[in-house]
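Novice: For reference, the file data-v2.txt (compact mmCIF, C-alpha atoms) is included below:
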```txt
# COMPACT_ATOMS: atom_id res chain seq x y z
CA MET A 1 13.22 -2.84 6.21
CA SER A 2 11.17 -3.16 3.05
CA LYS A 3 11.10 -0.40 0.47
CA ARG A 4 8.06 1.86 0.20
CA VAL A 5 5.41 1.94 -2.50
CA TYR A 6 2.15 3.84 -2.69
CA CYS A 7 -1.35 2.55 -3.35
CA GLY A 8 -3.16 5.79 -4.02
CA ASP A 9 -2.03 7.95 -1.12
CA VAL A 10 -1.53 5.00 1.26
CA ALA A 11 2.12 4.17 1.93
CA ILE A 12 3.02 0.47 2.05
CA GLY A 13 6.38 -0.57 3.48
CA GLY A 14 9.43 1.48 4.32
CA GLY A 15 8.42 1.83 7.96
CA ALA A 16 4.90 3.10 7.20
CA PRO A 17 2.11 2.00 9.56
CA ILE A 18 0.65 -1.39 8.62
CA SER A 19 -2.38 -0.69 6.45
CA ILE A 20 -5.66 -2.59 6.72
CA GLN A 21 -7.29 -4.05 3.64
CA SER A 22 -10.52 -5.84 2.87
CA MET A 23 -12.33 -7.03 -0.23
CA THR A 24 -15.85 -6.42 -1.48
CA ASN A 25 -17.99 -9.54 -1.73
CA VAL A 26 -21.03 -8.29 -3.62
CA ASP A 27 -21.35 -9.06 -7.34
CA ALA A 28 -18.70 -7.05 -9.17
CA ARG A 29 -21.36 -5.94 -11.69
CA ASN A 30 -23.66 -4.61 -8.96
CA GLU A 31 -22.59 -0.98 -8.86
CA LYS A 32 -25.17 0.08 -6.28
CA GLY A 33 -24.17 -2.78 -3.98
CA LEU A 34 -20.49 -1.97 -4.44
CA ARG A 35 -21.02 1.67 -3.55
CA GLU A 36 -22.95 0.75 -0.40
CA GLN A 37 -20.34 -1.77 0.71
CA ILE A 38 -17.38 0.47 -0.07
CA ALA A 39 -18.99 3.27 1.96
CA ARG A 40 -19.41 0.92 4.91
CA LEU A 41 -15.81 -0.28 4.64
CA GLU A 42 -14.58 3.30 4.51
CA ASP A 43 -16.63 4.20 7.60
CA ALA A 44 -15.16 1.17 9.40
CA GLY A 45 -11.62 2.44 8.76
CA CYS A 46 -10.57 0.24 5.84
CA GLN A 47 -7.54 1.86 4.19
CA ILE A 48 -7.33 -0.16 0.94
CA ILE A 49 -10.29 -1.90 -0.74
CA ARG A 50 -9.91 -4.73 -3.24
CA MET A 51 -12.60 -5.74 -5.72
CA ALA A 52 -12.77 -8.61 -8.17
CA VAL A 53 -12.72 -7.73 -11.87
CA PRO A 54 -13.99 -10.90 -13.60
CA ASP A 55 -15.07 -9.24 -16.86
CA ARG A 56 -15.13 -5.97 -18.81
CA GLU A 57 -18.39 -4.83 -17.25
CA ALA A 58 -16.75 -4.99 -13.81
CA ALA A 59 -13.76 -3.04 -15.18
CA GLN A 60 -16.12 -0.32 -16.41
CA ILE A 61 -17.85 -0.15 -13.05
CA LEU A 62 -14.44 0.29 -11.45
CA GLY A 63 -14.06 3.27 -13.77
CA HIS A 64 -17.36 4.69 -12.52
CA LEU A 65 -16.19 4.34 -8.92
CA LYS A 66 -12.93 6.11 -9.78
CA GLY A 67 -14.73 8.90 -11.64
CA ILE A 68 -13.42 7.88 -15.06
CA SER A 69 -15.87 8.12 -17.95
CA ASN A 70 -16.04 5.27 -20.44
CA ILE A 71 -18.19 7.28 -22.84
CA LYS A 72 -16.65 9.50 -25.47
CA GLY A 73 -17.41 13.16 -24.87
CA VAL A 74 -18.51 12.64 -21.26
CA SER A 75 -16.32 14.38 -18.71
CA PRO A 76 -14.86 12.51 -15.72
CA SER A 77 -16.68 12.83 -12.42
CA LYS A 78 -15.49 12.95 -8.84
CA PRO A 79 -14.24 9.57 -7.47
CA PHE A 80 -16.82 7.86 -5.28
CA THR A 81 -14.32 7.21 -2.46
CA LYS A 82 -10.94 8.46 -1.34
CA VAL A 83 -9.95 4.92 -0.33
CA PRO A 84 -7.62 3.31 -2.92
CA ILE A 85 -9.17 0.48 -4.93
CA VAL A 86 -7.20 -2.60 -5.94
CA ALA A 87 -8.36 -4.66 -8.92
CA ASP A 88 -8.13 -8.42 -8.38
CA ILE A 89 -7.41 -10.18 -11.67
CA HIS A 90 -7.17 -13.83 -12.60
CA PHE A 91 -6.59 -15.64 -15.91
CA ASP A 92 -7.15 -12.78 -18.40
CA HIS A 93 -4.36 -10.22 -18.76
CA ARG A 94 -6.68 -7.99 -20.82
CA LEU A 95 -8.84 -7.43 -17.75
CA ALA A 96 -5.78 -6.26 -15.83
CA ILE A 97 -5.04 -3.71 -18.54
CA ALA A 98 -8.69 -2.61 -18.63
CA ALA A 99 -8.72 -2.19 -14.84
CA ILE A 100 -5.56 -0.08 -14.99
CA LYS A 101 -7.09 2.17 -17.65
CA ASN A 102 -10.20 2.48 -15.50
CA GLY A 103 -8.28 3.95 -12.59
CA ALA A 104 -7.24 1.02 -10.38
CA ASP A 105 -4.80 2.23 -7.72
CA LYS A 106 -3.09 -1.17 -7.71
CA ILE A 107 -3.66 -4.52 -9.38
CA ARG A 108 -3.30 -7.97 -7.92
CA ILE A 109 -2.25 -10.71 -10.30
CA ASN A 110 -0.89 -14.21 -9.99
CA PRO A 111 1.60 -14.40 -12.89
CA GLY A 112 1.20 -18.17 -12.82
CA ASN A 113 -2.38 -17.96 -14.07
CA ILE A 114 -2.38 -14.64 -15.94
CA GLY A 115 -0.85 -16.04 -19.14
CA ASP A 116 2.54 -16.37 -20.80
CA ARG A 117 5.48 -14.01 -20.38
CA GLU A 118 4.34 -11.67 -23.15
CA GLN A 119 0.93 -11.26 -21.56
CA VAL A 120 2.50 -10.48 -18.19
CA LYS A 121 4.77 -8.02 -19.97
CA ALA A 122 1.73 -6.22 -21.43
CA VAL A 123 0.27 -5.83 -17.93
CA VAL A 124 3.57 -4.52 -16.59
CA LYS A 125 3.75 -2.01 -19.46
CA ALA A 126 0.29 -0.65 -18.58
CA ALA A 127 1.13 -0.46 -14.85
CA LYS A 128 4.34 1.39 -15.67
CA GLU A 129 2.50 3.90 -17.86
CA HIS A 130 0.03 4.64 -15.06
CA GLN A 131 2.61 4.33 -12.27
CA ILE A 132 0.60 1.98 -10.09
CA PRO A 133 1.98 -0.95 -8.09
CA ILE A 134 1.46 -4.57 -8.95
CA ARG A 135 0.80 -7.03 -6.17
CA VAL A 136 2.28 -10.39 -7.07
CA GLY A 137 0.00 -12.85 -5.28
CA VAL A 138 0.78 -16.53 -4.77
CA ASN A 139 -1.60 -18.91 -3.01
CA SER A 140 -0.86 -22.47 -1.93
CA GLY A 141 -3.88 -23.62 -3.94
CA SER A 142 -2.62 -22.16 -7.21
CA LEU A 143 1.05 -23.10 -7.15
CA GLU A 144 2.72 -23.89 -10.49
CA GLN A 145 2.84 -27.61 -11.31
CA ASN A 146 6.59 -27.62 -11.97
CA ILE A 147 7.22 -26.29 -8.45
CA ILE A 148 4.86 -28.84 -6.90
CA MET A 149 6.70 -31.59 -8.79
CA LYS A 150 10.07 -30.23 -7.65
CA TYR A 151 9.17 -30.46 -3.96
CA GLY A 152 6.78 -33.39 -4.28
CA LYS A 153 3.91 -31.43 -2.70
CA VAL A 154 2.71 -27.95 -1.87
CA SER A 155 5.32 -26.62 0.54
CA ALA A 156 6.59 -23.45 2.20
CA GLU A 157 9.76 -23.65 0.14
CA GLY A 158 7.76 -24.00 -3.06
CA MET A 159 5.47 -21.08 -2.23
CA ALA A 160 8.42 -18.80 -1.49
CA GLU A 161 10.22 -19.94 -4.64
CA SER A 162 7.15 -19.22 -6.77
CA ALA A 163 6.78 -15.71 -5.32
CA LEU A 164 10.48 -14.88 -5.74
CA GLN A 165 10.54 -16.30 -9.25
CA ASN A 166 7.58 -14.17 -10.30
CA LEU A 167 9.06 -11.08 -8.69
CA ARG A 168 12.30 -11.59 -10.62
CA MET A 169 10.38 -11.99 -13.89
CA ILE A 170 8.74 -8.58 -13.46
CA GLU A 171 11.98 -6.99 -12.25
CA ASP A 172 13.63 -8.28 -15.43
CA MET A 173 11.01 -6.29 -17.32
CA GLY A 174 12.32 -3.16 -15.61
CA TYR A 175 9.52 -2.67 -13.09
CA TYR A 176 10.06 -2.55 -9.34
CA ASN A 177 6.85 -0.93 -8.07
CA LEU A 178 5.80 -4.21 -6.50
CA VAL A 179 4.11 -5.73 -3.47
CA VAL A 180 4.23 -9.48 -2.85
CA SER A 181 1.95 -11.89 -1.04
CA LEU A 182 1.85 -15.60 -0.48
CA LYS A 183 -0.96 -17.14 1.50
CA SER A 184 -1.93 -20.54 2.79
CA SER A 185 -4.67 -21.75 5.11
CA ASN A 186 -2.01 -23.94 6.76
CA LEU A 187 -0.59 -21.79 9.55
CA GLN A 188 2.81 -23.47 9.81
CA MET A 189 3.32 -23.47 6.06
CA ASN A 190 2.23 -19.85 5.86
CA TYR A 191 4.68 -18.85 8.59
CA GLN A 192 7.67 -20.71 7.16
CA ALA A 193 7.02 -19.47 3.62
CA HIS A 194 6.97 -15.87 4.80
CA LYS A 195 10.21 -16.34 6.72
CA ILE A 196 11.92 -17.51 3.53
CA LEU A 197 10.33 -14.74 1.46
CA ALA A 198 11.23 -11.94 3.88
CA ALA A 199 14.85 -13.09 3.97
CA ASN A 200 15.11 -12.87 0.18
CA THR A 201 13.30 -9.70 -0.88
CA ASN A 202 12.88 -6.10 0.21
CA HIS A 203 9.57 -5.63 -1.60
CA PRO A 204 6.66 -4.81 0.76
CA ILE A 205 4.77 -7.90 1.90
CA HIS A 206 1.00 -8.25 2.10
CA ILE A 207 0.10 -10.79 4.79
CA GLY A 208 -2.95 -12.83 5.74
CA ILE A 209 -4.33 -16.34 6.11
CA THR A 210 -6.30 -17.37 3.04
CA GLU A 211 -9.58 -19.24 3.43
CA ALA A 212 -9.36 -18.76 7.20
CA GLY A 213 -13.02 -19.67 7.64
CA THR A 214 -16.12 -18.38 9.39
CA VAL A 215 -16.11 -15.50 11.86
CA ASN A 216 -15.28 -17.63 14.91
CA ARG A 217 -12.74 -20.05 13.44
CA GLY A 218 -11.39 -17.53 10.97
CA LYS A 219 -10.59 -15.01 13.68
CA VAL A 220 -8.67 -17.60 15.68
CA LYS A 221 -6.60 -18.71 12.68
CA SER A 222 -6.02 -15.14 11.53
CA ALA A 223 -4.93 -13.96 14.95
CA MET A 224 -2.42 -16.78 15.24
CA GLY A 225 -1.13 -16.64 11.68
CA ILE A 226 -0.99 -12.88 11.20
CA GLY A 227 0.11 -12.21 14.77
CA ALA A 228 3.05 -14.60 14.47
CA LEU A 229 4.27 -12.83 11.33
CA LEU A 230 3.88 -9.34 12.78
CA LEU A 231 5.82 -10.35 15.89
CA GLU A 232 8.61 -11.42 13.53
CA GLY A 233 8.53 -7.98 11.92
CA ILE A 234 7.05 -9.39 8.71
CA GLY A 235 4.16 -7.59 7.03
CA ASP A 236 3.52 -4.12 5.63
CA THR A 237 -0.18 -4.40 4.79
CA MET A 238 -2.73 -7.03 5.78
CA ARG A 239 -6.14 -8.54 5.22
CA VAL A 240 -8.10 -10.76 7.59
CA SER A 241 -9.98 -13.16 5.30
CA LEU A 242 -13.33 -14.22 6.76
CA THR A 243 -16.43 -15.90 5.36
CA ALA A 244 -18.46 -12.95 6.58
CA ASP A 245 -19.32 -9.30 6.05
CA PRO A 246 -15.99 -7.67 5.04
CA VAL A 247 -16.53 -4.96 7.65
CA GLU A 248 -15.87 -7.72 10.22
CA GLU A 249 -12.45 -8.18 8.60
CA VAL A 250 -11.59 -4.53 9.15
CA TYR A 251 -12.67 -4.47 12.77
CA PHE A 252 -10.76 -7.64 13.59
CA ALA A 253 -7.63 -6.46 11.79
CA LYS A 254 -7.69 -3.45 14.09
CA GLU A 255 -7.96 -5.75 17.08
CA ILE A 256 -4.91 -7.72 15.98
CA LEU A 257 -2.83 -4.60 15.40
CA GLY A 258 -4.07 -3.00 18.61
CA GLY A 259 -3.30 -6.10 20.66
CA LEU A 260 0.27 -6.06 19.36
CA GLY A 261 0.68 -2.35 20.04
CA LEU A 262 0.98 -1.55 16.33
CA ARG A 263 -1.87 0.95 16.06
CA LYS A 264 -1.70 4.46 17.43
CA SER A 265 -5.47 4.86 17.75
CA SER A 266 -6.33 1.47 19.20
CA ILE A 267 -8.68 0.89 22.11
CA ASN A 268 -7.52 -2.00 24.25
CA LEU A 269 -10.36 -3.63 26.19
CA VAL A 270 -9.41 -5.51 29.34
CA SER A 271 -12.08 -7.59 31.07
CA CYS A 272 -11.76 -10.19 33.81
CA PRO A 273 -12.36 -13.91 33.08
CA THR A 274 -15.31 -14.14 35.54
CA CYS A 275 -15.69 -16.24 38.68
CA GLY A 276 -18.18 -16.89 41.43
CA ARG A 277 -17.58 -13.50 43.06
CA ILE A 278 -19.18 -11.50 40.23
CA GLY A 279 -22.05 -9.30 41.40
CA ILE A 280 -23.14 -8.00 37.97
CA ASP A 281 -23.81 -9.52 34.53
CA LEU A 282 -20.24 -9.02 33.36
CA PRO A 283 -20.38 -11.00 30.07
CA LYS A 284 -23.34 -8.91 28.90
CA LEU A 285 -21.76 -5.70 30.13
CA ALA A 286 -18.36 -6.35 28.52
CA THR A 287 -19.99 -7.32 25.21
CA GLU A 288 -22.09 -4.14 25.09
CA ILE A 289 -19.06 -1.99 25.85
CA GLU A 290 -16.97 -3.85 23.27
CA GLU A 291 -19.58 -3.23 20.56
CA GLN A 292 -19.59 0.49 21.25
CA LEU A 293 -15.80 0.67 21.43
CA VAL A 294 -15.50 -0.94 17.99
CA GLU A 295 -17.60 1.87 16.50
CA LEU A 296 -15.71 4.52 18.46
CA GLU A 297 -12.37 3.10 17.34
CA ALA A 298 -13.30 3.66 13.69
CA GLU A 299 -14.02 7.32 14.47
CA TRP A 300 -10.76 7.75 16.37
CA GLU A 301 -8.79 6.18 13.52
CA LYS A 302 -9.76 9.08 11.28
CA GLU A 303 -9.04 11.65 13.98
CA GLY A 304 -5.65 10.22 14.92
CA ARG A 305 -6.57 9.93 18.60
CA PRO A 306 -4.06 8.23 20.94
CA ALA A 307 -4.42 4.63 22.10
CA ILE A 308 -6.26 3.96 25.37
CA THR A 309 -7.00 1.00 27.63
CA VAL A 310 -10.50 0.39 28.98
CA ALA A 311 -11.01 -2.06 31.86
CA VAL A 312 -14.32 -3.79 32.63
CA MET A 313 -13.98 -5.70 35.90
CA GLY A 314 -16.52 -7.77 37.80
CA CYS A 315 -15.69 -7.71 41.51
CA GLY A 316 -13.68 -6.06 44.25
CA VAL A 317 -10.70 -8.48 44.37
CA ASN A 318 -8.64 -7.16 41.45
CA GLY A 319 -11.29 -5.00 39.84
CA PRO A 320 -10.60 -1.57 41.37
CA GLY A 321 -6.86 -1.93 40.91
CA GLU A 322 -7.09 -3.04 37.28
CA ALA A 323 -9.67 -0.38 36.44
CA LYS A 324 -7.55 2.27 38.10
CA GLU A 325 -4.51 1.27 36.05
CA ALA A 326 -6.49 1.69 32.81
CA ASP A 327 -7.26 5.05 31.19
CA TYR A 328 -10.95 4.40 31.81
CA GLY A 329 -12.68 1.58 33.59
CA VAL A 330 -15.46 0.21 35.73
CA ALA A 331 -15.31 -2.14 38.69
CA GLY A 332 -18.70 -3.74 39.26
CA GLY A 333 -20.44 -5.39 42.19
CA ASP A 334 -23.86 -5.70 43.84
CA GLY A 335 -25.63 -4.29 40.78
CA ARG A 336 -23.52 -1.14 40.69
CA GLY A 337 -20.24 0.00 39.27
CA LEU A 338 -17.42 2.34 40.26
CA LEU A 339 -16.27 4.42 37.31
CA PHE A 340 -12.60 5.33 36.94
CA ALA A 341 -11.00 7.91 34.68
CA LYS A 342 -7.29 8.70 34.52
CA GLY A 343 -6.58 6.80 37.72
CA ARG A 344 -9.30 8.13 40.02
CA ILE A 345 -12.89 7.32 40.93
CA VAL A 346 -15.34 9.67 39.20
CA GLY A 347 -18.71 8.14 39.94
CA LYS A 348 -20.85 5.29 41.22
CA VAL A 349 -23.67 4.19 38.92
CA PHE A 350 -26.35 1.54 38.72
CA GLU A 351 -25.60 -1.47 36.53
CA GLU A 352 -28.04 -0.43 33.80
CA ASP A 353 -26.27 2.95 33.48
CA ILE A 354 -22.69 1.68 33.35
CA VAL A 355 -22.38 1.47 29.55
CA SER A 356 -23.73 4.94 28.82
CA ALA A 357 -21.79 6.54 31.67
CA LEU A 358 -18.51 4.88 30.76
CA MET A 359 -18.85 5.72 27.07
CA LYS A 360 -19.60 9.33 27.99
CA LEU A 361 -16.37 9.51 29.97
CA ILE A 362 -14.36 7.97 27.14
CA ARG A 363 -15.84 10.22 24.46
CA GLU A 364 -15.18 13.34 26.52
CA GLY A 365 -11.56 12.35 26.94
CA ALA A 366 -11.41 13.89 30.41
CA VAL A 367 -13.15 13.71 33.78
CA ASP A 368 -16.52 15.44 33.69
CA GLN A 369 -16.61 17.84 36.61
CA GLU A 370 -20.29 17.16 37.29
CA TYR A 371 -19.36 13.70 38.57
CA LYS A 372 -18.02 13.71 42.09
CA PRO A 373 -16.19 10.77 43.68
CA GLY A 374 -18.68 8.32 45.12
CA GLU A 375 -21.74 10.11 43.76
CA VAL A 376 -24.60 8.00 42.40
CA MET A 377 -25.36 9.48 39.00
CA ARG A 378 -29.00 8.39 38.92
CA LYS A 379 -31.42 8.49 41.80
CA GLU A 380 -33.04 5.36 43.16
CA HIS A 381 -36.31 4.46 41.44
```
Using the file provided, produce a representation of the structure as structure tokens.

Specialist:
Amino acid sequence: MSKRVYCGDVAIGGGAPISIQSMTNVDARNEKGLREQIARLEDAGCQIIRMAVPDREAAQILGHLKGISNIKGVSPSKPFTKVPIVADIHFDHRLAIAAIKNGADKIRINPGNIGDREQVKAVVKAAKEHQIPIRVGVNSGSLEQNIIMKYGKVSAEGMAESALQNLRMIEDMGYYNLVVSLKSSNLQMNYQAHKILAANTNHPIHIGITEAGTVNRGKVKSAMGIGALLLEGIGDTMRVSLTADPVEEVYFAKEILGGLGLRKSSINLVSCPTCGRIGIDLPKLATEIEEQLVELEAEWEKEGRPAITVAVMGCGVNGPGEAKEADYGVAGGDGRGLLFAKGRIVGKVFEEDIVSALMKLIREGAVDQEYKPGEVMRKEH
């Protein structure tokens, strides 16, 4: 088991639940845009938010978000969000120090591009003074040239060696409040590199697939790459990296964790693969229910509600049985649907009422007594 560190009040490692991260993608100098996006990420259930800090103006805006005044004589204000903010730094160690002074809850650096040993040491000194963790991040695209030359190419062994080498450098400076990540867009390389890394360190590991791609392709690659690592017991915090709205990253991260049974408040949607027996528009129905469940899941995350399974089935062959086995479900046919809750039929509704009726049952968390078995909830037109 990895050791535990804290990013703000979010525990990473040491048996803590796997935390979900995302990264803002609006201009780092656009404070209004950052506030709007951070609020949306928080509402979606993001637990750690990373933002790029490419210059001093961005570092100052980070200070505004954290309620730290950069003006002499002006008192600090209340932080904009309770969600911890990680500063993402490349190339300039002075920006890392500025971000730390402006209230970053964690910083992410790649020691290979942050400067020489003395510059890394200055960053470590600042992190130590403010007692915040450093995430040592290594990407396949930014591997040190000497390591590439050693292995003849970018490789899993080289990525792991780079990460371990950089961890040891900071440990030698007397700092152990560390998280480590190494990411590749090559799934096999990513998997093998993490296996080597996990066998050689007890620092918490941040996992993900870098440059995974657009929503459709990126979700497939992320599910395979992240899922494989989690099934191996590797990973303490994670980000799904998509070329999309970062809120999509949060929702899909929840789906991955829920599918693996690693989230207490997950909502598992089961729907049949469709065939010629379907008597309702099941693809449309399942999609509408899925969209509403995604929003509900974000609410339940904050409330700590237990995991449930919702079944959306399209005919009478396996439908009633599958729906009955779920916590809530519907078995459709002939333009109508039988609603199930906690193993028993609670109503029969027209197709156009299925979504609202099913969501009502789920939100209530119990069988509504006004629905009687077999009763049509809406009169014929």

Novice: Would you kindly return, as a PyMOL selection string, each protein, DNA or RNA residue with an atom no farther than 9 Å from any atom of segment 156-160 of chain A, considering all atoms listed in the file and excluding same-chain residues fewer than 4 positions away?

Specialist: chain A and resi 138-140+143-144+147-148+150-151+164-165+182-184+188-197

Novice: Between A:Val312, A:Ala99, A:Ile207, A:Ala52, which one has atoms that come closest to Lys324 of chain A, using all atoms listed in the file?

Specialist: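 Smallest distance to Lys324 of chain A is found for A:Val312.
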
Novice: Using all atoms listed in the file, determine which residues lie at most 10 Å from segment 63-68 of chain A, disregarding the query and same-chain residues fewer than 3 positions distant; provide the list as a CSV table (one decimal) with C-alpha atoms, in the frame of the given file.

Specialist:
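Everything below was put into around_20.csv:
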```csv
chain,number,residue,atom,x,y,z
A,31,GLU,CA,-22.6,-1.0,-8.9
A,34,LEU,CA,-20.5,-2.0,-4.4
A,35,ARG,CA,-21.0,1.7,-3.6
A,38,ILE,CA,-17.4,0.5,-0.1
A,57,GLU,CA,-18.4,-4.8,-17.2
A,58,ALA,CA,-16.8,-5.0,-13.8
A,59,ALA,CA,-13.8,-3.0,-15.2
A,60,GLN,CA,-16.1,-0.3,-16.4
A,71,ILE,CA,-18.2,7.3,-22.8
A,74,VAL,CA,-18.5,12.6,-21.3
A,75,SER,CA,-16.3,14.4,-18.7
A,76,PRO,CA,-14.9,12.5,-15.7
A,77,SER,CA,-16.7,12.8,-12.4
A,78,LYS,CA,-15.5,13.0,-8.8
A,79,PRO,CA,-14.2,9.6,-7.5
A,80,PHE,CA,-16.8,7.9,-5.3
A,81,THR,CA,-14.3,7.2,-2.5
A,82,LYS,CA,-10.9,8.5,-1.3
A,83,VAL,CA,-10.0,4.9,-0.3
A,84,PRO,CA,-7.6,3.3,-2.9
A,85,ILE,CA,-9.2,0.5,-4.9
A,98,ALA,CA,-8.7,-2.6,-18.6
A,99,ALA,CA,-8.7,-2.2,-14.8
A,100,ILE,CA,-5.6,-0.1,-15.0
A,101,LYS,CA,-7.1,2.2,-17.6
A,102,ASN,CA,-10.2,2.5,-15.5
A,103,GLY,CA,-8.3,4.0,-12.6
A,104,ALA,CA,-7.2,1.0,-10.4
A,105,ASP,CA,-4.8,2.2,-7.7
```

Novice: Take atom CA of Ser19 of chain A and atom CA of Asp55 of chain A and report the distance between them in Å, one decimal.

Specialist: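 Distance reported for this atom pair: 27.9 Å.
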
Novice: Can you measure atom CA of Thr237 of chain A to atom CA of Ile20 of chain A for me? One decimal in Å is fine.

Specialist: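 The value is 6.1 Å.
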
Novice: Sorted by chain and rising residue number, list the residues of segment 198-266 of chain A at most 10 Å from segment 277-300 of chain A (counting only C-alpha atoms), each with its closest atom pair and distance in Å to one decimal, as CSV.

Specialist:
```
residue,atom,partner,partner_atom,distance
A:Val250,CA,A:Ala298,CA,9.5
A:Tyr251,CA,A:Val294,CA,6.9
A:Phe252,CA,A:Val294,CA,9.3
A:Lys254,CA,A:Glu297,CA,8.7
A:Glu255,CA,A:Val294,CA,9.0
A:Lys264,CA,A:Trp300,CA,9.7
A:Ser265,CA,A:Trp300,CA,6.2
A:Ser266,CA,A:Glu297,CA,6.5
```

Novice: What is the atom CA of Val270 of chain A-atom CA of Lys342 of chain A distance in Å, reported with one decimal?

Specialist: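 Between these atoms lies a distance of 15.3 Å.
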
Novice: Using only C-alpha atoms, can you tell me which of A:Arg344, A:Arg135, A:Lys121, A:Lys153 comes closest to Ile109 of chain A?

Specialist: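 Under the stated criterion, the closest residue is A:Arg135.
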